[in-house]
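Working notes, structure below.
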Amino acid sequence: MTSKSSASDDLREAIGHYLNAVAEVLLRDGVPVKYVRASTDTRAAADDASIATDVDGDIGFNISFERSLYPESESVELNWSGTSGWSLLPMVDGADGYYDGARWLGAGLVPPVDRVSSFMAMARLSPVDAGSSERPFYRQPDSDLTELYRRLASFVPASAGIRTYGMCFTNMVQGIYTNRLSTALTAPDDTEVSVTFRPGELEALRHLLEYVQIPANGLLSAYARHLAEDLDNRRQFSATTSHQAVEVARSIRKQWHDRQQRGE
């Protein structure tokens with residue numbers, strides 16, 4: 001590996017960890033972030049002058065969220081450009097340029113994550129009123145990459161070690177959703193409600209819970225497995241209630257509480 005390729009890898013990881021920091025705040029705000037992607041491959045400005053950036057990254061969302069922002073767009077991303085900072089970027093078929101229709105944050109090249117989340121909060125209310133249509137420029141492509149890396153490196157966690165930003169993103173998402181499931185399963189208002197399912201809908205839900213267990217690990221996988229088993233038990237033995245997922249969540253919550261009480 002050459003020193004140049006090593007530096008490129010380090011820069012890509014630093015960009016990815018910055019994206020992760022933004023994605024975590026968005027997820028905690030209720031935005032369904034699907035992926036993060038960082039790149040240090042030059043998207044040739046000579047081929048498309050509307051791009052004119054050297055390093056960049058994207059935060060993607062699920063389809064329902066994309067449609068809520070721009071119903072007519074093929075996809076929507078929160079894009080970070082290494083020359084112009086953040087923009088909300090709808091991909092529209094037939095657009096003349098890559099950044100056509102983009103709404104730019106315009107708060108500098110590496111703004112604080114809370115500033116980016118505020119931008120997205122405004123976009124959720126009215127995308128056309130978020131930021132500006134005018135693209136800012138803070139640096140030229142292929143210039144000052146060392147300084148850019150220095151600014152981004154502060155977002156790389158000290159404990160990252162050999163874990164890539166992609167691995168850290170997966171762990172972060174699973175941790176957030178694990179906590180959400182645990183909170184829901186141990187909510188004080190735990191009265192039973194009646195919900196009518198068509199057989200096909202119930203079967204589809206079981207398949208989704210099974211699918212969740214494939215990429216998930218730890219408690220998230222366990223909760224999905226127990227919820228699936230609860231559904232099976234209730235379907236097969238309708239007279240017998242099954243609350244394994246709730247029982248496991250309560251047991252784990254109690255263990256955490258006991259450890260906190262002991263100061264562990």
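Each chain of the structure tokens is named A, B, ... in the order shown, its residues numbered from 1; ligands are numbered from 1 in display order.
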
Residues at most 8 Å from Ser221 in chain A, counting only C-alpha atoms, excluding those fewer than 6 positions away in the same chain, as an mmCIF file with N, CA, C and O atoms, in the first residue's frame?
```cif
data_model
loop_
_atom_site.group_PDB
_atom_site.id
_atom_site.type_symbol
_atom_site.label_atom_id
_atom_site.label_comp_id
_atom_site.auth_asym_id
_atom_site.auth_seq_id
_atom_site.Cartn_x
_atom_site.Cartn_y
_atom_site.Cartn_z
ATOM 1 N N VAL A 212 -34.876 -9.626 10.173
ATOM 2 C CA VAL A 212 -34.141 -8.725 11.063
ATOM 3 C C VAL A 212 -33.023 -9.470 11.784
ATOM 4 O O VAL A 212 -31.951 -8.907 12.048
ATOM 5 N N GLN A 213 -33.249 -10.740 12.082
ATOM 6 C CA GLN A 213 -32.257 -11.505 12.843
ATOM 7 C C GLN A 213 -31.001 -11.815 12.030
ATOM 8 O O GLN A 213 -29.966 -12.138 12.597
ATOM 9 N N ILE A 214 -31.081 -11.701 10.694
ATOM 10 C CA ILE A 214 -29.929 -12.041 9.857
ATOM 11 C C ILE A 214 -28.795 -11.026 10.019
ATOM 12 O O ILE A 214 -27.664 -11.407 10.341
#
```

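Reported to one decimal place, the separation of CA of Asp29 in chain A from CA of Leu88 in chain A is 16.7 Å.
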
With range 113-136 of chain A as the partner and 7 Å as the cut-off, tabulate the residues of range 13-74 of chain A that qualify, each row holding the nearest pair of atoms and their distance in Å to one decimal, using only C-alpha atoms, sorted by chain and rising number, as CSV.
```
residue,atom,partner,partner_atom,distance
A:Ala21,CA,A:Val113,CA,6.7
A:Val22,CA,A:Val113,CA,5.1
A:Val25,CA,A:Ser117,CA,6.7
A:Leu26,CA,A:Ser117,CA,6.0
A:Leu69,CA,A:Pro127,CA,6.4
```

Need the shell around Glu13 in chain A: protein/DNA/RNA residues with any atom at most 8 Å away, counting only C-alpha atoms. Skip same-chain ones fewer than 2 positions apart. Format as JSON, numbers by chain? {"A": [9, 10, 11, 15, 16, 17, 38, 156, 164, 165]}

Restricting it to C-alpha atoms, dump the selection as a PDB file, in the first residue's frame.
```
ATOM      1  CA  ASP A   9      -8.080   5.519   3.210  1.00  0.00           C
ATOM      2  CA  ASP A  10      -7.561   7.593   6.352  1.00  0.00           C
ATOM      3  CA  LEU A  11      -9.425  10.530   4.832  1.00  0.00           C
ATOM      4  CA  ILE A  15     -15.329  11.455   6.395  1.00  0.00           C
ATOM      5  CA  GLY A  16     -17.303   8.326   7.272  1.00  0.00           C
ATOM      6  CA  HIS A  17     -17.030   8.930  11.000  1.00  0.00           C
ATOM      7  CA  ALA A  38     -17.895   8.140   2.177  1.00  0.00           C
ATOM      8  CA  VAL A 156     -12.879   9.483  14.575  1.00  0.00           C
ATOM      9  CA  THR A 164     -14.243   0.860   9.846  1.00  0.00           C
ATOM     10  CA  TYR A 165     -16.797   3.649   9.823  1.00  0.00           C
TER      11      TYR A 165
END
```

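When only C-alpha atoms are used to compute distances to Gly175 in chain A, the closest of the residues A:Ile252, A:Ala204, A:Ala228, A:Ala216 turns out to be A:Ala216.
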
As an mmCIF file with N, CA, C and O atoms, in the first residue's frame, list the residues of range 3-183 of chain A assigned to alpha helix (DSSP H) by DSSP on the backbone atoms of this structure.
```
data_model
loop_
_atom_site.group_PDB
_atom_site.id
_atom_site.type_symbol
_atom_site.label_atom_id
_atom_site.label_comp_id
_atom_site.auth_asym_id
_atom_site.auth_seq_id
_atom_site.Cartn_x
_atom_site.Cartn_y
_atom_site.Cartn_z
ATOM 1 N N SER A 3 1.857 5.296 0.365
ATOM 2 C CA SER A 3 1.491 6.305 1.352
ATOM 3 C C SER A 3 0.304 7.122 0.882
ATOM 4 O O SER A 3 -0.524 7.556 1.674
ATOM 5 N N LYS A 4 0.203 7.319 -0.462
ATOM 6 C CA LYS A 4 -0.914 8.083 -1.000
ATOM 7 C C LYS A 4 -2.230 7.352 -0.784
ATOM 8 O O LYS A 4 -3.224 7.948 -0.379
ATOM 9 N N SER A 5 -2.246 6.033 -1.069
ATOM 10 C CA SER A 5 -3.473 5.266 -0.880
ATOM 11 C C SER A 5 -3.820 5.157 0.598
ATOM 12 O O SER A 5 -4.993 5.156 0.964
ATOM 13 N N SER A 6 -2.802 5.078 1.460
ATOM 14 C CA SER A 6 -3.049 5.030 2.893
ATOM 15 C C SER A 6 -3.683 6.325 3.381
ATOM 16 O O SER A 6 -4.628 6.310 4.186
ATOM 17 N N ALA A 7 -3.172 7.453 2.887
ATOM 18 C CA ALA A 7 -3.747 8.743 3.266
ATOM 19 C C ALA A 7 -5.178 8.866 2.766
ATOM 20 O O ALA A 7 -6.054 9.412 3.449
ATOM 21 N N SER A 8 -5.444 8.335 1.562
ATOM 22 C CA SER A 8 -6.801 8.361 1.019
ATOM 23 C C SER A 8 -7.744 7.536 1.879
ATOM 24 O O SER A 8 -8.877 7.941 2.145
ATOM 25 N N ASP A 9 -7.269 6.362 2.334
ATOM 26 C CA ASP A 9 -8.080 5.519 3.210
ATOM 27 C C ASP A 9 -8.374 6.226 4.527
ATOM 28 O O ASP A 9 -9.504 6.174 5.035
ATOM 29 N N ASP A 10 -7.371 6.878 5.083
ATOM 30 C CA ASP A 10 -7.561 7.593 6.352
ATOM 31 C C ASP A 10 -8.573 8.718 6.190
ATOM 32 O O ASP A 10 -9.423 8.940 7.067
ATOM 33 N N LEU A 11 -8.497 9.434 5.073
ATOM 34 C CA LEU A 11 -9.425 10.530 4.832
ATOM 35 C C LEU A 11 -10.843 9.998 4.656
ATOM 36 O O LEU A 11 -11.798 10.560 5.205
ATOM 37 N N ARG A 12 -10.983 8.910 3.899
ATOM 38 C CA ARG A 12 -12.313 8.322 3.710
ATOM 39 C C ARG A 12 -12.909 7.881 5.049
ATOM 40 O O ARG A 12 -14.098 8.088 5.308
ATOM 41 N N GLU A 13 -12.099 7.275 5.903
ATOM 42 C CA GLU A 13 -12.596 6.853 7.215
ATOM 43 C C GLU A 13 -13.001 8.062 8.061
ATOM 44 O O GLU A 13 -14.019 8.031 8.756
ATOM 45 N N ALA A 14 -12.215 9.134 7.994
ATOM 46 C CA ALA A 14 -12.550 10.336 8.760
ATOM 47 C C ALA A 14 -13.866 10.938 8.268
ATOM 48 O O ALA A 14 -14.714 11.361 9.071
ATOM 49 N N ILE A 15 -14.057 10.977 6.947
ATOM 50 C CA ILE A 15 -15.329 11.455 6.395
ATOM 51 C C ILE A 15 -16.468 10.578 6.890
ATOM 52 O O ILE A 15 -17.524 11.061 7.321
ATOM 53 N N GLY A 16 -16.262 9.261 6.840
ATOM 54 C CA GLY A 16 -17.303 8.326 7.272
ATOM 55 C C GLY A 16 -17.688 8.504 8.723
ATOM 56 O O GLY A 16 -18.882 8.439 9.073
ATOM 57 N N HIS A 17 -16.721 8.740 9.575
ATOM 58 C CA HIS A 17 -17.030 8.930 11.000
ATOM 59 C C HIS A 17 -17.746 10.260 11.241
ATOM 60 O O HIS A 17 -18.589 10.356 12.145
ATOM 61 N N TYR A 18 -17.430 11.274 10.445
ATOM 62 C CA TYR A 18 -18.187 12.536 10.524
ATOM 63 C C TYR A 18 -19.640 12.297 10.112
ATOM 64 O O TYR A 18 -20.572 12.765 10.769
ATOM 65 N N LEU A 19 -19.831 11.549 9.028
ATOM 66 C CA LEU A 19 -21.187 11.190 8.607
ATOM 67 C C LEU A 19 -21.902 10.399 9.701
ATOM 68 O O LEU A 19 -23.096 10.594 9.949
ATOM 69 N N ASN A 20 -21.188 9.489 10.344
ATOM 70 C CA ASN A 20 -21.782 8.710 11.436
ATOM 71 C C ASN A 20 -22.273 9.607 12.564
ATOM 72 O O ASN A 20 -23.346 9.375 13.141
ATOM 73 N N ALA A 21 -21.472 10.617 12.894
ATOM 74 C CA ALA A 21 -21.856 11.527 13.981
ATOM 75 C C ALA A 21 -23.144 12.261 13.634
ATOM 76 O O ALA A 21 -24.028 12.433 14.486
ATOM 77 N N VAL A 22 -23.265 12.677 12.373
ATOM 78 C CA VAL A 22 -24.494 13.335 11.927
ATOM 79 C C VAL A 22 -25.646 12.337 11.909
ATOM 80 O O VAL A 22 -26.752 12.626 12.380
ATOM 81 N N ALA A 23 -25.404 11.143 11.386
ATOM 82 C CA ALA A 23 -26.443 10.118 11.289
ATOM 83 C C ALA A 23 -26.982 9.742 12.668
ATOM 84 O O ALA A 23 -28.193 9.517 12.832
ATOM 85 N N GLU A 24 -26.115 9.686 13.662
ATOM 86 C CA GLU A 24 -26.574 9.325 15.008
ATOM 87 C C GLU A 24 -27.555 10.360 15.554
ATOM 88 O O GLU A 24 -28.599 10.009 16.128
ATOM 89 N N VAL A 25 -27.240 11.635 15.376
ATOM 90 C CA VAL A 25 -28.154 12.684 15.844
ATOM 91 C C VAL A 25 -29.480 12.608 15.087
ATOM 92 O O VAL A 25 -30.556 12.742 15.673
ATOM 93 N N LEU A 26 -29.418 12.375 13.778
ATOM 94 C CA LEU A 26 -30.645 12.270 12.984
ATOM 95 C C LEU A 26 -31.494 11.089 13.441
ATOM 96 O O LEU A 26 -32.726 11.205 13.564
ATOM 97 N N LEU A 27 -30.858 9.960 13.681
ATOM 98 C CA LEU A 27 -31.598 8.785 14.150
ATOM 99 C C LEU A 27 -32.278 9.058 15.485
ATOM 100 O O LEU A 27 -33.435 8.669 15.697
ATOM 101 N N ARG A 28 -31.583 9.737 16.367
ATOM 102 C CA ARG A 28 -32.184 10.048 17.675
ATOM 103 C C ARG A 28 -33.303 11.080 17.534
ATOM 104 O O ARG A 28 -34.177 11.166 18.401
ATOM 105 N N ILE A 63 -37.355 4.640 1.967
ATOM 106 C CA ILE A 63 -38.145 5.195 0.873
ATOM 107 C C ILE A 63 -39.295 6.061 1.376
ATOM 108 O O ILE A 63 -39.590 7.121 0.803
ATOM 109 N N SER A 64 -39.944 5.637 2.450
ATOM 110 C CA SER A 64 -41.082 6.407 2.961
ATOM 111 C C SER A 64 -40.665 7.816 3.343
ATOM 112 O O SER A 64 -41.377 8.791 3.066
ATOM 113 N N PHE A 65 -39.504 7.930 3.970
ATOM 114 C CA PHE A 65 -39.018 9.246 4.373
ATOM 115 C C PHE A 65 -38.661 10.079 3.148
ATOM 116 O O PHE A 65 -38.964 11.281 3.087
ATOM 117 N N GLU A 66 -38.017 9.454 2.172
ATOM 118 C CA GLU A 66 -37.674 10.171 0.936
ATOM 119 C C GLU A 66 -38.928 10.726 0.266
ATOM 120 O O GLU A 66 -38.957 11.885 -0.163
ATOM 121 N N ARG A 67 -39.965 9.899 0.190
ATOM 122 C CA ARG A 67 -41.203 10.326 -0.463
ATOM 123 C C ARG A 67 -41.895 11.445 0.305
ATOM 124 O O ARG A 67 -42.563 12.295 -0.291
ATOM 125 N N SER A 68 -41.724 11.441 1.622
ATOM 126 C CA SER A 68 -42.340 12.504 2.419
ATOM 127 C C SER A 68 -41.688 13.852 2.150
ATOM 128 O O SER A 68 -42.317 14.905 2.309
ATOM 129 N N LEU A 69 -40.420 13.838 1.730
ATOM 130 C CA LEU A 69 -39.705 15.079 1.418
ATOM 131 C C LEU A 69 -39.949 15.515 -0.024
ATOM 132 O O LEU A 69 -40.297 16.666 -0.280
ATOM 133 N N VAL A 113 -22.529 18.895 14.136
ATOM 134 C CA VAL A 113 -23.595 17.955 13.769
ATOM 135 C C VAL A 113 -24.975 18.506 14.124
ATOM 136 O O VAL A 113 -25.957 18.255 13.409
ATOM 137 N N ASP A 114 -25.074 19.257 15.210
ATOM 138 C CA ASP A 114 -26.373 19.818 15.594
ATOM 139 C C ASP A 114 -26.871 20.827 14.561
ATOM 140 O O ASP A 114 -28.087 20.978 14.373
ATOM 141 N N ARG A 115 -25.948 21.503 13.902
ATOM 142 C CA ARG A 115 -26.344 22.449 12.857
ATOM 143 C C ARG A 115 -26.929 21.698 11.662
ATOM 144 O O ARG A 115 -27.888 22.155 11.041
ATOM 145 N N VAL A 116 -26.359 20.536 11.358
ATOM 146 C CA VAL A 116 -26.875 19.726 10.255
ATOM 147 C C VAL A 116 -28.245 19.159 10.610
ATOM 148 O O VAL A 116 -29.157 19.131 9.779
ATOM 149 N N SER A 117 -28.415 18.730 11.858
ATOM 150 C CA SER A 117 -29.712 18.173 12.265
ATOM 151 C C SER A 117 -30.795 19.252 12.261
ATOM 152 O O SER A 117 -31.953 18.973 11.937
ATOM 153 N N SER A 118 -30.433 20.491 12.600
ATOM 154 C CA SER A 118 -31.398 21.594 12.533
ATOM 155 C C SER A 118 -31.823 21.852 11.092
ATOM 156 O O SER A 118 -32.990 22.146 10.815
ATOM 157 N N PHE A 119 -30.860 21.752 10.179
ATOM 158 C CA PHE A 119 -31.144 21.900 8.752
ATOM 159 C C PHE A 119 -32.146 20.838 8.293
ATOM 160 O O PHE A 119 -33.117 21.128 7.584
ATOM 161 N N MET A 120 -31.944 19.599 8.753
ATOM 162 C CA MET A 120 -32.859 18.522 8.380
ATOM 163 C C MET A 120 -34.223 18.699 9.031
ATOM 164 O O MET A 120 -35.258 18.355 8.441
ATOM 165 N N ALA A 121 -34.249 19.249 10.240
ATOM 166 C CA ALA A 121 -35.534 19.499 10.903
ATOM 167 C C ALA A 121 -36.353 20.503 10.097
ATOM 168 O O ALA A 121 -37.577 20.348 9.940
ATOM 169 N N MET A 122 -35.700 21.516 9.560
ATOM 170 C CA MET A 122 -36.390 22.488 8.721
ATOM 171 C C MET A 122 -36.857 21.832 7.425
ATOM 172 O O MET A 122 -37.974 22.084 6.945
ATOM 173 N N ALA A 123 -36.011 20.961 6.858
ATOM 174 C CA ALA A 123 -36.369 20.287 5.610
ATOM 175 C C ALA A 123 -37.584 19.382 5.803
ATOM 176 O O ALA A 123 -38.399 19.234 4.879
ATOM 177 N N ARG A 124 -37.731 18.802 6.971
ATOM 178 C CA ARG A 124 -38.884 17.936 7.219
ATOM 179 C C ARG A 124 -40.178 18.748 7.245
ATOM 180 O O ARG A 124 -41.251 18.225 6.913
ATOM 181 N N LEU A 125 -40.076 20.016 7.619
ATOM 182 C CA LEU A 125 -41.250 20.885 7.606
ATOM 183 C C LEU A 125 -41.533 21.402 6.199
ATOM 184 O O LEU A 125 -42.682 21.416 5.739
ATOM 185 N N LEU A 145 -6.074 19.071 1.310
ATOM 186 C CA LEU A 145 -6.640 17.826 1.827
ATOM 187 C C LEU A 145 -6.110 17.495 3.221
ATOM 188 O O LEU A 145 -6.820 16.903 4.037
ATOM 189 N N THR A 146 -4.869 17.884 3.493
ATOM 190 C CA THR A 146 -4.299 17.630 4.823
ATOM 191 C C THR A 146 -5.054 18.404 5.886
ATOM 192 O O THR A 146 -5.382 17.871 6.949
ATOM 193 N N GLU A 147 -5.371 19.652 5.608
ATOM 194 C CA GLU A 147 -6.127 20.469 6.555
ATOM 195 C C GLU A 147 -7.553 19.930 6.701
ATOM 196 O O GLU A 147 -8.105 19.906 7.799
ATOM 197 N N LEU A 148 -8.135 19.498 5.604
ATOM 198 C CA LEU A 148 -9.482 18.919 5.666
ATOM 199 C C LEU A 148 -9.475 17.671 6.531
ATOM 200 O O LEU A 148 -10.369 17.478 7.371
ATOM 201 N N TYR A 149 -8.471 16.822 6.346
ATOM 202 C CA TYR A 149 -8.368 15.618 7.173
ATOM 203 C C TYR A 149 -8.221 15.969 8.642
ATOM 204 O O TYR A 149 -8.829 15.342 9.511
ATOM 205 N N ARG A 150 -7.434 16.979 8.942
ATOM 206 C CA ARG A 150 -7.237 17.374 10.344
ATOM 207 C C ARG A 150 -8.564 17.753 10.990
ATOM 208 O O ARG A 150 -8.825 17.406 12.135
ATOM 209 N N ARG A 151 -9.401 18.458 10.251
ATOM 210 C CA ARG A 151 -10.694 18.884 10.796
ATOM 211 C C ARG A 151 -11.629 17.691 10.993
ATOM 212 O O ARG A 151 -12.370 17.626 11.970
ATOM 213 N N LEU A 152 -11.587 16.752 10.063
ATOM 214 C CA LEU A 152 -12.493 15.599 10.129
ATOM 215 C C LEU A 152 -12.019 14.550 11.127
ATOM 216 O O LEU A 152 -12.827 13.802 11.678
ATOM 217 N N ALA A 153 -10.705 14.489 11.355
ATOM 218 C CA ALA A 153 -10.150 13.454 12.218
ATOM 219 C C ALA A 153 -10.672 13.543 13.647
ATOM 220 O O ALA A 153 -10.666 12.540 14.381
ATOM 221 N N TYR A 165 -15.631 2.818 9.538
ATOM 222 C CA TYR A 165 -16.797 3.649 9.823
ATOM 223 C C TYR A 165 -18.087 2.885 9.534
ATOM 224 O O TYR A 165 -19.108 3.097 10.179
ATOM 225 N N GLY A 166 -18.031 1.973 8.537
ATOM 226 C CA GLY A 166 -19.210 1.166 8.227
ATOM 227 C C GLY A 166 -19.573 0.238 9.367
ATOM 228 O O GLY A 166 -20.761 0.080 9.700
ATOM 229 N N MET A 167 -18.583 -0.376 9.988
ATOM 230 C CA MET A 167 -18.834 -1.253 11.137
ATOM 231 C C MET A 167 -19.371 -0.436 12.307
ATOM 232 O O MET A 167 -20.296 -0.872 13.009
ATOM 233 N N CYS A 168 -18.803 0.738 12.503
ATOM 234 C CA CYS A 168 -19.277 1.600 13.593
ATOM 235 C C CYS A 168 -20.718 2.041 13.347
ATOM 236 O O CYS A 168 -21.517 2.130 14.294
ATOM 237 N N PHE A 169 -21.064 2.308 12.085
ATOM 238 C CA PHE A 169 -22.435 2.695 11.756
ATOM 239 C C PHE A 169 -23.402 1.559 12.091
ATOM 240 O O PHE A 169 -24.454 1.782 12.710
ATOM 241 N N THR A 170 -23.057 0.349 11.688
ATOM 242 C CA THR A 170 -23.917 -0.806 11.974
ATOM 243 C C THR A 170 -24.121 -0.981 13.471
ATOM 244 O O THR A 170 -25.252 -1.189 13.937
ATOM 245 N N ASN A 171 -23.043 -0.892 14.242
ATOM 246 C CA ASN A 171 -23.150 -1.035 15.696
ATOM 247 C C ASN A 171 -23.999 0.073 16.303
ATOM 248 O O ASN A 171 -24.795 -0.164 17.223
ATOM 249 N N MET A 172 -23.842 1.289 15.791
ATOM 250 C CA MET A 172 -24.594 2.428 16.309
ATOM 251 C C MET A 172 -26.090 2.260 16.040
ATOM 252 O O MET A 172 -26.925 2.463 16.925
ATOM 253 N N VAL A 173 -26.439 1.875 14.820
ATOM 254 C CA VAL A 173 -27.852 1.694 14.465
ATOM 255 C C VAL A 173 -28.473 0.579 15.296
ATOM 256 O O VAL A 173 -29.581 0.727 15.822
ATOM 257 N N GLN A 174 -27.773 -0.518 15.419
ATOM 258 C CA GLN A 174 -28.314 -1.629 16.198
ATOM 259 C C GLN A 174 -28.483 -1.239 17.660
ATOM 260 O O GLN A 174 -29.465 -1.627 18.314
ATOM 261 N N GLY A 175 -27.554 -0.449 18.185
ATOM 262 C CA GLY A 175 -27.672 -0.004 19.570
ATOM 263 C C GLY A 175 -28.887 0.890 19.787
ATOM 264 O O GLY A 175 -29.607 0.751 20.777
ATOM 265 N N ILE A 176 -29.121 1.807 18.845
ATOM 266 C CA ILE A 176 -30.263 2.712 18.966
ATOM 267 C C ILE A 176 -31.576 1.952 18.892
ATOM 268 O O ILE A 176 -32.491 2.163 19.701
ATOM 269 N N TYR A 177 -31.686 1.034 17.922
ATOM 270 C CA TYR A 177 -32.940 0.291 17.782
ATOM 271 C C TYR A 177 -33.127 -0.740 18.895
ATOM 272 O O TYR A 177 -34.257 -1.037 19.291
ATOM 273 N N THR A 178 -32.034 -1.272 19.417
ATOM 274 C CA THR A 178 -32.144 -2.160 20.570
ATOM 275 C C THR A 178 -32.736 -1.416 21.753
ATOM 276 O O THR A 178 -33.631 -1.917 22.456
ATOM 277 N N ASN A 179 -32.262 -0.201 21.989
ATOM 278 C CA ASN A 179 -32.779 0.600 23.093
ATOM 279 C C ASN A 179 -34.244 0.966 22.872
ATOM 280 O O ASN A 179 -35.048 0.972 23.823
ATOM 281 N N ARG A 180 -34.619 1.244 21.616
ATOM 282 C CA ARG A 180 -36.016 1.571 21.334
ATOM 283 C C ARG A 180 -36.926 0.381 21.626
ATOM 284 O O ARG A 180 -38.006 0.537 22.210
ATOM 285 N N LEU A 181 -36.497 -0.812 21.200
ATOM 286 C CA LEU A 181 -37.310 -1.998 21.466
ATOM 287 C C LEU A 181 -37.407 -2.265 22.955
ATOM 288 O O LEU A 181 -38.476 -2.597 23.470
ATOM 289 N N SER A 182 -36.291 -2.136 23.656
ATOM 290 C CA SER A 182 -36.285 -2.374 25.092
ATOM 291 C C SER A 182 -37.206 -1.402 25.813
ATOM 292 O O SER A 182 -37.968 -1.789 26.708
ATOM 293 N N THR A 183 -37.160 -0.127 25.414
ATOM 294 C CA THR A 183 -38.024 0.885 26.029
ATOM 295 C C THR A 183 -39.490 0.586 25.755
ATOM 296 O O THR A 183 -40.347 0.695 26.644
#
```

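Here the question is which of A:Gln140, A:Ser154, A:Val246, A:Glu72 gets nearest to Thr186 in chain A using only C-alpha atoms, and that residue is A:Val246.
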
Contact residues around Gly57 in chain A with only C-alpha atoms at 6 Å, ignoring same-chain residues under 5 positions, as number ranges by chain: A: 37-39, 79-80

Rounded to one decimal place, report the CA of Asp54 in chain A-CA of Thr40 in chain A distance in Å.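 The value is 6.6 Å.
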
Just list the residues in range 26-241 of chain A DSSP gives strand (DSSP E) on the backbone, as an MDAnalysis selection string. chainID A and resid 33:39 56:61 75:81 85:91 103:104
